[in-house]
file run-v1.pdb (PDB, C-alpha atoms and all ligand atoms)
MODEL        1
ATOM      1  CA  MET V 104      -1.625  -4.623  16.382
ATOM      2  CA  LYS V 105      -1.052  -4.305  12.640
ATOM      3  CA  ASP V 106      -3.655  -2.439  10.625
ATOM      4  CA  ILE V 107      -4.183  -1.817   6.904
ATOM      5  CA  SER V 108      -2.303   1.502   7.006
ATOM      6  CA  TYR V 109       0.692  -0.233   8.631
ATOM      7  CA  HIS V 110       0.744  -2.791   5.802
ATOM      8  CA  ILE V 111       0.540   0.010   3.218
ATOM      9  CA  MET V 112       3.609   1.656   4.780
ATOM     10  CA  ASP V 113       5.456  -1.671   4.796
ATOM     11  CA  ILE V 114       4.637  -2.829   1.263
ATOM     12  CA  VAL V 115       5.140   0.637  -0.274
ATOM     13  CA  GLN V 116       8.550   0.682   1.419
ATOM     14  CA  ASN V 117       9.406  -2.509  -0.507
ATOM     15  CA  SER V 118       8.416  -0.735  -3.739
ATOM     16  CA  LEU V 119      10.582   2.287  -2.913
ATOM     17  CA  ASN V 120      13.509  -0.007  -2.040
ATOM     18  CA  ALA V 121      13.029  -1.625  -5.457
ATOM     19  CA  GLY V 122      13.568   1.770  -7.091
ATOM     20  CA  ALA V 123       9.946   2.442  -8.052
ATOM     21  CA  THR V 124       9.253   5.987  -9.242
ATOM     22  CA  THR V 125       5.470   5.546  -9.028
ATOM     23  CA  VAL V 126       3.564   3.468  -6.484
ATOM     24  CA  ARG V 127      -0.173   2.872  -6.784
ATOM     25  CA  VAL V 128      -2.289   1.984  -3.775
ATOM     26  CA  ASP V 129      -5.813   0.783  -4.469
ATOM     27  CA  ILE V 130      -8.386  -0.003  -1.842
ATOM     28  CA  ARG V 131     -11.771  -1.377  -2.767
ATOM     29  CA  GLN V 132     -14.416  -1.987  -0.132
ATOM     30  CA  ASP V 133     -17.611  -3.858  -0.831
ATOM     31  CA  SER V 134     -19.975  -3.847   2.148
ATOM     32  CA  SER V 135     -22.544  -6.264   0.777
ATOM     33  CA  ALA V 136     -19.870  -8.846  -0.034
ATOM     34  CA  GLY V 137     -18.026  -8.023   3.219
ATOM     35  CA  ARG V 138     -14.772  -7.660   1.336
ATOM     36  CA  LEU V 139     -11.800  -5.282   1.372
ATOM     37  CA  THR V 140      -9.174  -5.550  -1.368
ATOM     38  CA  LEU V 141      -5.790  -3.868  -0.962
ATOM     39  CA  GLN V 142      -3.597  -3.685  -4.046
ATOM     40  CA  ILE V 143      -0.161  -2.086  -4.240
ATOM     41  CA  ALA V 144       1.496  -1.869  -7.651
ATOM     42  CA  ASP V 145       4.900  -0.410  -8.492
ATOM     43  CA  ASN V 146       7.184   0.174 -11.477
ATOM     44  CA  GLY V 147      10.304  -0.939  -9.598
ATOM     45  CA  ARG V 148      12.920  -3.478 -10.628
ATOM     46  CA  GLY V 149      10.636  -6.466 -10.153
ATOM     47  CA  MET V 150      11.664  -9.985  -9.204
ATOM     48  CA  SER V 151      12.903 -13.078 -10.992
ATOM     49  CA  GLY V 152      10.656 -16.147 -10.921
ATOM     50  CA  GLU V 153      12.936 -17.761  -8.357
ATOM     51  CA  LEU V 154      12.952 -14.739  -6.019
ATOM     52  CA  LEU V 155       9.182 -14.468  -6.374
ATOM     53  CA  ARG V 156       8.776 -18.071  -5.197
ATOM     54  CA  GLN V 157      11.060 -17.428  -2.232
ATOM     55  CA  VAL V 158       9.397 -14.256  -0.966
ATOM     56  CA  THR V 159       6.149 -16.077  -0.346
ATOM     57  CA  ASP V 160       8.124 -18.359   1.995
ATOM     58  CA  PRO V 161       8.043 -16.834   5.464
ATOM     59  CA  PHE V 162      11.050 -14.809   6.547
ATOM     60  CA  PHE V 163      12.902 -14.678   3.247
ATOM     61  CA  THR V 164      14.814 -11.440   2.679
ATOM     62  CA  THR V 165      17.457 -10.085   0.294
ATOM     63  CA  SER V 166      18.390  -7.464   2.885
ATOM     64  CA  VAL V 167      22.021  -7.719   3.946
ATOM     65  CA  THR V 168      21.439  -5.932   7.234
ATOM     66  CA  LYS V 169      19.013  -8.446   8.715
ATOM     67  CA  LYS V 170      18.121 -12.091   8.535
ATOM     68  CA  VAL V 171      14.350 -12.155   8.164
ATOM     69  CA  GLY V 172      11.843 -10.358   5.941
ATOM     70  CA  LEU V 173       8.410  -9.968   7.463
ATOM     71  CA  GLY V 174       6.553  -7.459   5.318
ATOM     72  CA  LEU V 175       4.989  -9.823   2.800
ATOM     73  CA  PRO V 176       4.430 -12.843   5.112
ATOM     74  CA  LEU V 177       2.649 -10.653   7.716
ATOM     75  CA  LEU V 178       0.257  -9.181   5.163
ATOM     76  CA  LYS V 179      -0.384 -12.661   3.745
ATOM     77  CA  GLN V 180      -1.064 -14.008   7.226
ATOM     78  CA  ASN V 181      -3.447 -11.183   8.179
ATOM     79  CA  ALA V 182      -5.430 -11.573   4.949
ATOM     80  CA  GLU V 183      -5.610 -15.365   5.249
ATOM     81  CA  LEU V 184      -6.646 -15.181   8.932
ATOM     82  CA  THR V 185      -9.878 -13.531   7.740
ATOM     83  CA  GLY V 186     -10.415 -16.294   5.180
ATOM     84  CA  GLY V 187      -9.077 -13.992   2.477
ATOM     85  CA  THR V 188      -6.355 -14.398  -0.126
ATOM     86  CA  PHE V 189      -2.905 -13.050  -0.967
ATOM     87  CA  ALA V 190      -1.200 -12.851  -4.352
ATOM     88  CA  ILE V 191       1.962 -11.321  -5.731
ATOM     89  CA  THR V 192       2.942 -10.961  -9.366
ATOM     90  CA  SER V 193       6.177  -9.500 -10.641
ATOM     91  CA  GLU V 194       8.127  -8.988 -13.813
ATOM     92  CA  GLU V 195      11.804  -8.102 -13.920
ATOM     93  CA  LYS V 196      12.466  -4.469 -14.970
ATOM     94  CA  LYS V 197       8.681  -3.885 -15.094
ATOM     95  CA  GLY V 198       7.359  -3.948 -11.545
ATOM     96  CA  THR V 199       5.481  -5.783  -8.852
ATOM     97  CA  THR V 200       1.841  -6.015  -7.779
ATOM     98  CA  VAL V 201       0.738  -7.242  -4.357
ATOM     99  CA  THR V 202      -2.946  -8.029  -3.781
ATOM    100  CA  ALA V 203      -4.521  -8.916  -0.436
ATOM    101  CA  VAL V 204      -8.216  -9.669  -0.053
ATOM    102  CA  PHE V 205      -9.770  -9.516   3.423
ATOM    103  CA  ASN V 206     -13.164 -10.719   4.599
ATOM    104  CA  SER V 207     -14.037  -7.540   6.461
ATOM    105  CA  ASN V 208     -16.801  -9.040   8.631
ATOM    106  CA  HIS V 209     -14.515 -11.772   9.970
ATOM    107  CA  ILE V 210     -13.663 -11.578  13.678
ATOM    108  CA  ASP V 211      -9.941 -11.431  12.834
ATOM    109  CA  MET V 212     -10.323  -8.478  10.451
ATOM    110  CA  ILE V 213      -7.749  -5.787  11.219
ATOM    111  CA  PRO V 214      -8.698  -2.079  11.459
ATOM    112  CA  VAL V 215      -8.078   0.248   8.506
ATOM    113  CA  GLY V 216      -5.937   2.604  10.607
ATOM    114  CA  ASP V 217      -4.794   6.087   9.698
ATOM    115  CA  ILE V 218      -4.199   6.100   5.951
ATOM    116  CA  ALA V 219      -3.988   9.927   5.797
ATOM    117  CA  VAL V 220      -1.004   9.954   8.167
ATOM    118  CA  THR V 221       0.603   7.038   6.305
ATOM    119  CA  PHE V 222       0.597   8.987   3.015
ATOM    120  CA  LYS V 223       1.721  12.146   4.786
ATOM    121  CA  MET V 224       4.791  10.289   6.091
ATOM    122  CA  LEU V 225       5.511   8.588   2.767
ATOM    123  CA  ILE V 226       5.316  11.833   0.762
ATOM    124  CA  ALA V 227       7.293  13.750   3.403
ATOM    125  CA  ALA V 228      10.133  11.221   3.232
ATOM    126  CA  HIS V 229       9.983  10.666  -0.558
ATOM    127  CA  PRO V 230       8.929  13.918  -2.264
ATOM    128  CA  ASP V 231      10.705  12.821  -5.455
ATOM    129  CA  ARG V 232       8.549   9.691  -5.903
ATOM    130  CA  ASP V 233       4.935   9.616  -7.045
ATOM    131  CA  PHE V 234       2.014   8.069  -5.208
ATOM    132  CA  VAL V 235      -1.387   7.322  -6.670
ATOM    133  CA  TYR V 236      -4.061   6.424  -4.160
ATOM    134  CA  ASN V 237      -7.467   5.228  -5.227
ATOM    135  CA  HIS V 238     -10.139   4.283  -2.694
ATOM    136  CA  ARG V 239     -13.578   3.006  -3.586
ATOM    137  CA  CYS V 240     -16.279   2.031  -1.157
ATOM    138  CA  ASN V 241     -19.339   0.505  -2.834
ATOM    139  CA  ASP V 242     -20.301   3.098  -5.474
ATOM    140  CA  GLU V 243     -18.364   6.037  -4.021
ATOM    141  CA  GLY V 244     -14.682   6.827  -4.150
ATOM    142  CA  PHE V 245     -11.861   9.310  -4.526
ATOM    143  CA  SER V 246      -8.276   9.463  -5.680
ATOM    144  CA  MET V 247      -5.090  11.354  -4.982
ATOM    145  CA  ASP V 248      -2.306  11.560  -7.556
ATOM    146  CA  THR V 249       0.920  13.349  -6.620
ATOM    147  CA  ARG V 250       1.810  13.628 -10.319
ATOM    148  CA  VAL V 251      -1.149  15.973 -10.785
ATOM    149  CA  VAL V 252      -0.395  17.879  -7.562
ATOM    150  CA  ARG V 253       3.271  18.163  -8.566
ATOM    151  CA  THR V 254       2.369  19.829 -11.875
ATOM    152  CA  GLU V 255       0.070  22.293 -10.109
ATOM    153  CA  LEU V 256       2.722  23.141  -7.504
ATOM    154  CA  GLY V 257       5.437  24.087  -9.987
ATOM    155  CA  GLU V 258       8.544  24.978  -7.941
ATOM    156  CA  ILE V 259       7.035  24.136  -4.542
ATOM    157  CA  PRO V 260       8.146  20.671  -3.326
ATOM    158  CA  LEU V 261       5.587  18.014  -2.395
ATOM    159  CA  ASN V 262       7.001  17.853   1.124
ATOM    160  CA  HIS V 263       6.310  21.523   1.886
ATOM    161  CA  ALA V 264       4.476  21.526   5.252
ATOM    162  CA  ASP V 265       1.364  23.219   3.823
ATOM    163  CA  VAL V 266       1.197  20.768   0.927
ATOM    164  CA  LEU V 267       1.517  17.777   3.293
ATOM    165  CA  ASP V 268      -1.262  19.180   5.513
ATOM    166  CA  TYR V 269      -3.442  19.799   2.472
ATOM    167  CA  LEU V 270      -2.931  16.261   1.092
ATOM    168  CA  SER V 271      -3.474  14.477   4.413
ATOM    169  CA  GLY V 272      -6.533  16.661   5.082
ATOM    170  CA  PHE V 273      -7.893  15.792   1.638
ATOM    171  CA  ILE V 274      -7.513  12.050   2.327
ATOM    172  CA  TYR V 275      -8.878  12.349   5.870
ATOM    173  CA  ASN V 276     -12.035  14.193   4.772
ATOM    174  CA  ASN V 277     -12.716  11.895   1.830
ATOM    175  CA  LEU V 278     -12.296   8.790   3.994
ATOM    176  CA  LYS V 279     -14.695  10.263   6.550
ATOM    177  CA  GLU V 280     -17.278  10.751   3.811
ATOM    178  CA  LEU V 281     -16.800   7.193   2.520
ATOM    179  CA  LYS V 282     -17.244   5.861   6.053
ATOM    180  CA  ASN V 283     -20.544   7.747   6.489
ATOM    181  CA  GLU V 284     -21.694   6.380   3.163
ATOM    182  CA  ASP V 285     -20.777   2.858   4.249
ATOM    183  CA  GLN V 286     -22.982   3.039   7.342
ATOM    184  CA  LEU V 287     -26.104   4.087   5.453
TER     185      LEU V 287
HETATM  186  N1  LIG R 301       7.927  -4.462  -4.670
HETATM  187  C1  LIG R 301       9.026  -5.225  -4.691
HETATM  188  N2  LIG R 301       9.870  -5.180  -5.757
HETATM  189  C2  LIG R 301      10.992  -5.945  -5.806
HETATM  190  N3  LIG R 301      11.347  -6.827  -4.819
HETATM  191  C3  LIG R 301      10.549  -6.926  -3.740
HETATM  192  C4  LIG R 301       9.345  -6.141  -3.615
HETATM  193  N4  LIG R 301       8.751  -6.464  -2.443
HETATM  194  C5  LIG R 301       9.543  -7.391  -1.860
HETATM  195  N5  LIG R 301      10.622  -7.668  -2.610
HETATM  196  C6  LIG R 301      11.689  -8.657  -2.304
HETATM  197  O1  LIG R 301      11.139  -9.561  -1.348
HETATM  198  C7  LIG R 301      11.926  -9.592  -0.160
HETATM  199  C8  LIG R 301      11.040  -9.829   1.023
HETATM  200  O2  LIG R 301      10.184  -8.705   1.255
HETATM  201  P1  LIG R 301       9.573  -8.488   2.700
HETATM  202  O3  LIG R 301       8.837  -7.190   2.744
HETATM  203  O4  LIG R 301       8.809  -9.694   3.089
HETATM  204  O5  LIG R 301      10.862  -8.411   3.627
HETATM  205  P2  LIG R 301      11.962  -7.263   3.671
HETATM  206  O6  LIG R 301      11.487  -6.041   2.960
HETATM  207  O7  LIG R 301      13.254  -7.862   3.192
HETATM  208  O8  LIG R 301      12.054  -7.004   5.231
HETATM  209  P3  LIG R 301      10.973  -6.201   6.145
HETATM  210  O9  LIG R 301       9.761  -5.949   5.315
HETATM  211  O10 LIG R 301      10.700  -7.107   7.304
HETATM  212  O11 LIG R 301      11.659  -4.925   6.516
HETATM  213  C9  LIG R 301      12.676  -8.263  -0.150
HETATM  214  O12 LIG R 301      13.890  -8.361   0.566
HETATM  215  C10 LIG R 301      12.897  -8.003  -1.652
HETATM  216  O13 LIG R 301      14.021  -8.705  -2.129
HETATM  217 MG    MG R 302       9.556  -5.243   3.404
ENDMDL
END
call {"tool": "encode", "arguments": {"input": "run-v1.pdb", "output": "C-alpha cells"}}
result
Amino acid sequence: MKDISYHIMDIVQNSLNAGATTVRVDIRQDSSAGRLTLQIADNGRGMSGELLRQVTDPFFTTSVTKKVGLGLPLLKQNAELTGGTFAITSEEKKGTTVTAVFNSNHIDMIPVGDIAVTFKMLIAAHPDRDFVYNHRCNDEGFSMDTRVVRTELGEIPLNHADVLDYLSGFIYNNLKELKNEDQL
C-alpha cells in the first residue's frame, strides 16, 4: 500500500536525479475542507514542454535501465482516486513543481505514513543536498531546513548519526503535536 511518505520518497528521488541541490516538500492539511495538499518543488534541470506532456502519460520514462516510469502516474492516480487533482509545472534549467491534492475524508485516501523516517533516509543518502520541509495543519505548523542546520553544524556532516536522529526526532514530535491539534 502506497502512502504519502512513499510518494515523497519517490518524487524527491526524481528531483535528485534531475540534479536538484534544494528540494522543498510542502504539506498543507485543512481539516474543515477535508483536504491534504502535497507539493514538491526542486531547482533541478527541469523539463522541456514535450517531455512534460509525456510524463503525465502513464509509464513514460527517460531511464535507460528500465522501460516504465511509475512515480508520477502513481501519485496522480492516488490523488485522483480521492477525487483530488494532480499538476506538474516545469521550466528547463529552472526546476519542477509537482502538486497533488487529496480529499482526505474520501474512502480511498491513503495514510500519511512515516515522514520522519523518509527524511532521515533522504538526508542520510544525500547529505550534500538540501531539503526544506514545511508542514501546516489548519493554523499550526512547523518547518525543517537543512540549510539552516548545515550552517549551525559547521564541520559536522548532515548524515552524522546523532544529527539524523535529532532531525527525525524533531519531525516525529512536531507531527505528533499537529495530529493532536487536528483531533481537537
Ligand atoms: N523533478 C523532475 N525534474 C526533471 N525531470 C523529471 C522530474 N520528475 C520526473 N522527471 C522526468 O519524468 C520521467 C518520469 O518520471 P517518473 O517518476 O514517473 O518515472 P521514473 O522516475 O523514470 O521511474 P520510477 O519513478 O518508476 O523509478 C523521468 O524519467 C524524468 O525524465
Ligand atoms: Mg521517478
call {"tool": "resolve_selection", "arguments": {"input": "run-v1.pdb", "expression": "the PyMOL selection byres (((not hetatm)) within 6 of (chain R and resi 301))", "output": "list in words"}}
result
Asn117, Ser118, Ala121, Gly147, Arg148, Gly149, Met150, Val158, Phe163, Thr164, Thr165, Ser166, Gly172, Leu173, Gly174, Leu175, Pro176 and Thr199 of chain V
call {"tool": "residues_near_point", "arguments": {"input": "run-v1.pdb", "point": "(-8.3, 6.3, -6.7)", "cutoff": "10 Å", "atoms": "all atoms listed in the file", "output": "short mmCIF file (atom, residue, chain, number, x, y, z; two decimals) with C-alpha atoms, keeping the file's coordinate frame"}}
result
data_model
loop_
_atom_site.label_atom_id
_atom_site.label_comp_id
_atom_site.auth_asym_id
_atom_site.auth_seq_id
_atom_site.Cartn_x
_atom_site.Cartn_y
_atom_site.Cartn_z
CA ARG V 127 -0.17 2.87 -6.78
CA VAL V 128 -2.29 1.98 -3.78
CA ASP V 129 -5.81 0.78 -4.47
CA ILE V 130 -8.39 0.00 -1.84
CA ARG V 131 -11.77 -1.38 -2.77
CA VAL V 235 -1.39 7.32 -6.67
CA TYR V 236 -4.06 6.42 -4.16
CA ASN V 237 -7.47 5.23 -5.23
CA HIS V 238 -10.14 4.28 -2.69
CA ARG V 239 -13.58 3.01 -3.59
CA GLY V 244 -14.68 6.83 -4.15
CA PHE V 245 -11.86 9.31 -4.53
CA SER V 246 -8.28 9.46 -5.68
CA MET V 247 -5.09 11.35 -4.98
CA ASP V 248 -2.31 11.56 -7.56
#
call {"tool": "residues_around", "arguments": {"input": "run-v1.pdb", "residues": "region 177-179 of chain V", "least_positions_apart": "4", "cutoff": "12 Å", "atoms": "all atoms listed in the file", "output": "number ranges by chain"}}
result
V: 104-114, 141-143, 158-163, 171-173, 183-191, 201-205, 212-213
call {"tool": "write_last_selection", "arguments": {"input": "run-v1.pdb", "atoms": "C-alpha atoms", "output": "PDB file, in the frame of the given file"}}
result
ATOM      1  CA  MET V 104      -1.625  -4.623  16.382  1.00  0.00           C
ATOM      2  CA  LYS V 105      -1.052  -4.305  12.640  1.00  0.00           C
ATOM      3  CA  ASP V 106      -3.655  -2.439  10.625  1.00  0.00           C
ATOM      4  CA  ILE V 107      -4.183  -1.817   6.904  1.00  0.00           C
ATOM      5  CA  SER V 108      -2.303   1.502   7.006  1.00  0.00           C
ATOM      6  CA  TYR V 109       0.692  -0.233   8.631  1.00  0.00           C
ATOM      7  CA  HIS V 110       0.744  -2.791   5.802  1.00  0.00           C
ATOM      8  CA  ILE V 111       0.540   0.010   3.218  1.00  0.00           C
ATOM      9  CA  MET V 112       3.609   1.656   4.780  1.00  0.00           C
ATOM     10  CA  ASP V 113       5.456  -1.671   4.796  1.00  0.00           C
ATOM     11  CA  ILE V 114       4.637  -2.829   1.263  1.00  0.00           C
ATOM     12  CA  LEU V 141      -5.790  -3.868  -0.962  1.00  0.00           C
ATOM     13  CA  GLN V 142      -3.597  -3.685  -4.046  1.00  0.00           C
ATOM     14  CA  ILE V 143      -0.161  -2.086  -4.240  1.00  0.00           C
ATOM     15  CA  VAL V 158       9.397 -14.256  -0.966  1.00  0.00           C
ATOM     16  CA  THR V 159       6.149 -16.077  -0.346  1.00  0.00           C
ATOM     17  CA  ASP V 160       8.124 -18.359   1.995  1.00  0.00           C
ATOM     18  CA  PRO V 161       8.043 -16.834   5.464  1.00  0.00           C
ATOM     19  CA  PHE V 162      11.050 -14.809   6.547  1.00  0.00           C
ATOM     20  CA  PHE V 163      12.902 -14.678   3.247  1.00  0.00           C
ATOM     21  CA  VAL V 171      14.350 -12.155   8.164  1.00  0.00           C
ATOM     22  CA  GLY V 172      11.843 -10.358   5.941  1.00  0.00           C
ATOM     23  CA  LEU V 173       8.410  -9.968   7.463  1.00  0.00           C
ATOM     24  CA  GLU V 183      -5.610 -15.365   5.249  1.00  0.00           C
ATOM     25  CA  LEU V 184      -6.646 -15.181   8.932  1.00  0.00           C
ATOM     26  CA  THR V 185      -9.878 -13.531   7.740  1.00  0.00           C
ATOM     27  CA  GLY V 186     -10.415 -16.294   5.180  1.00  0.00           C
ATOM     28  CA  GLY V 187      -9.077 -13.992   2.477  1.00  0.00           C
ATOM     29  CA  THR V 188      -6.355 -14.398  -0.126  1.00  0.00           C
ATOM     30  CA  PHE V 189      -2.905 -13.050  -0.967  1.00  0.00           C
ATOM     31  CA  ALA V 190      -1.200 -12.851  -4.352  1.00  0.00           C
ATOM     32  CA  ILE V 191       1.962 -11.321  -5.731  1.00  0.00           C
ATOM     33  CA  VAL V 201       0.738  -7.242  -4.357  1.00  0.00           C
ATOM     34  CA  THR V 202      -2.946  -8.029  -3.781  1.00  0.00           C
ATOM     35  CA  ALA V 203      -4.521  -8.916  -0.436  1.00  0.00           C
ATOM     36  CA  VAL V 204      -8.216  -9.669  -0.053  1.00  0.00           C
ATOM     37  CA  PHE V 205      -9.770  -9.516   3.423  1.00  0.00           C
ATOM     38  CA  MET V 212     -10.323  -8.478  10.451  1.00  0.00           C
ATOM     39  CA  ILE V 213      -7.749  -5.787  11.219  1.00  0.00           C
TER      40      ILE V 213
END
call {"tool": "resolve_selection", "arguments": {"input": "run-v1.pdb", "expression": "the PyMOL selection byres (((chain V and resi 216-227) around 6) and not hetatm)", "output": "ChimeraX atom specification"}}
result
/V:106,108,214-215,228-230,262,267,271,274-275
call {"tool": "write_last_selection", "arguments": {"input": "run-v1.pdb", "atoms": "C-alpha atoms", "output": "tab-separated table (two decimals), keeping the file's coordinate frame"}}
result
chain	number	residue	atom	x	y	z
V	106	ASP	CA	-3.66	-2.44	10.62
V	108	SER	CA	-2.30	1.50	7.01
V	214	PRO	CA	-8.70	-2.08	11.46
V	215	VAL	CA	-8.08	0.25	8.51
V	228	ALA	CA	10.13	11.22	3.23
V	229	HIS	CA	9.98	10.67	-0.56
V	230	PRO	CA	8.93	13.92	-2.26
V	262	ASN	CA	7.00	17.85	1.12
V	267	LEU	CA	1.52	17.78	3.29
V	271	SER	CA	-3.47	14.48	4.41
V	274	ILE	CA	-7.51	12.05	2.33
V	275	TYR	CA	-8.88	12.35	5.87
call {"tool": "closest_residue", "arguments": {"input": "run-v1.pdb", "among": "V:Gln132, V:Thr125, V:Asn146, V:Asn276", "to": "Phe234 (chain V)", "atoms": "only C-alpha atoms"}}
result
V:Thr125
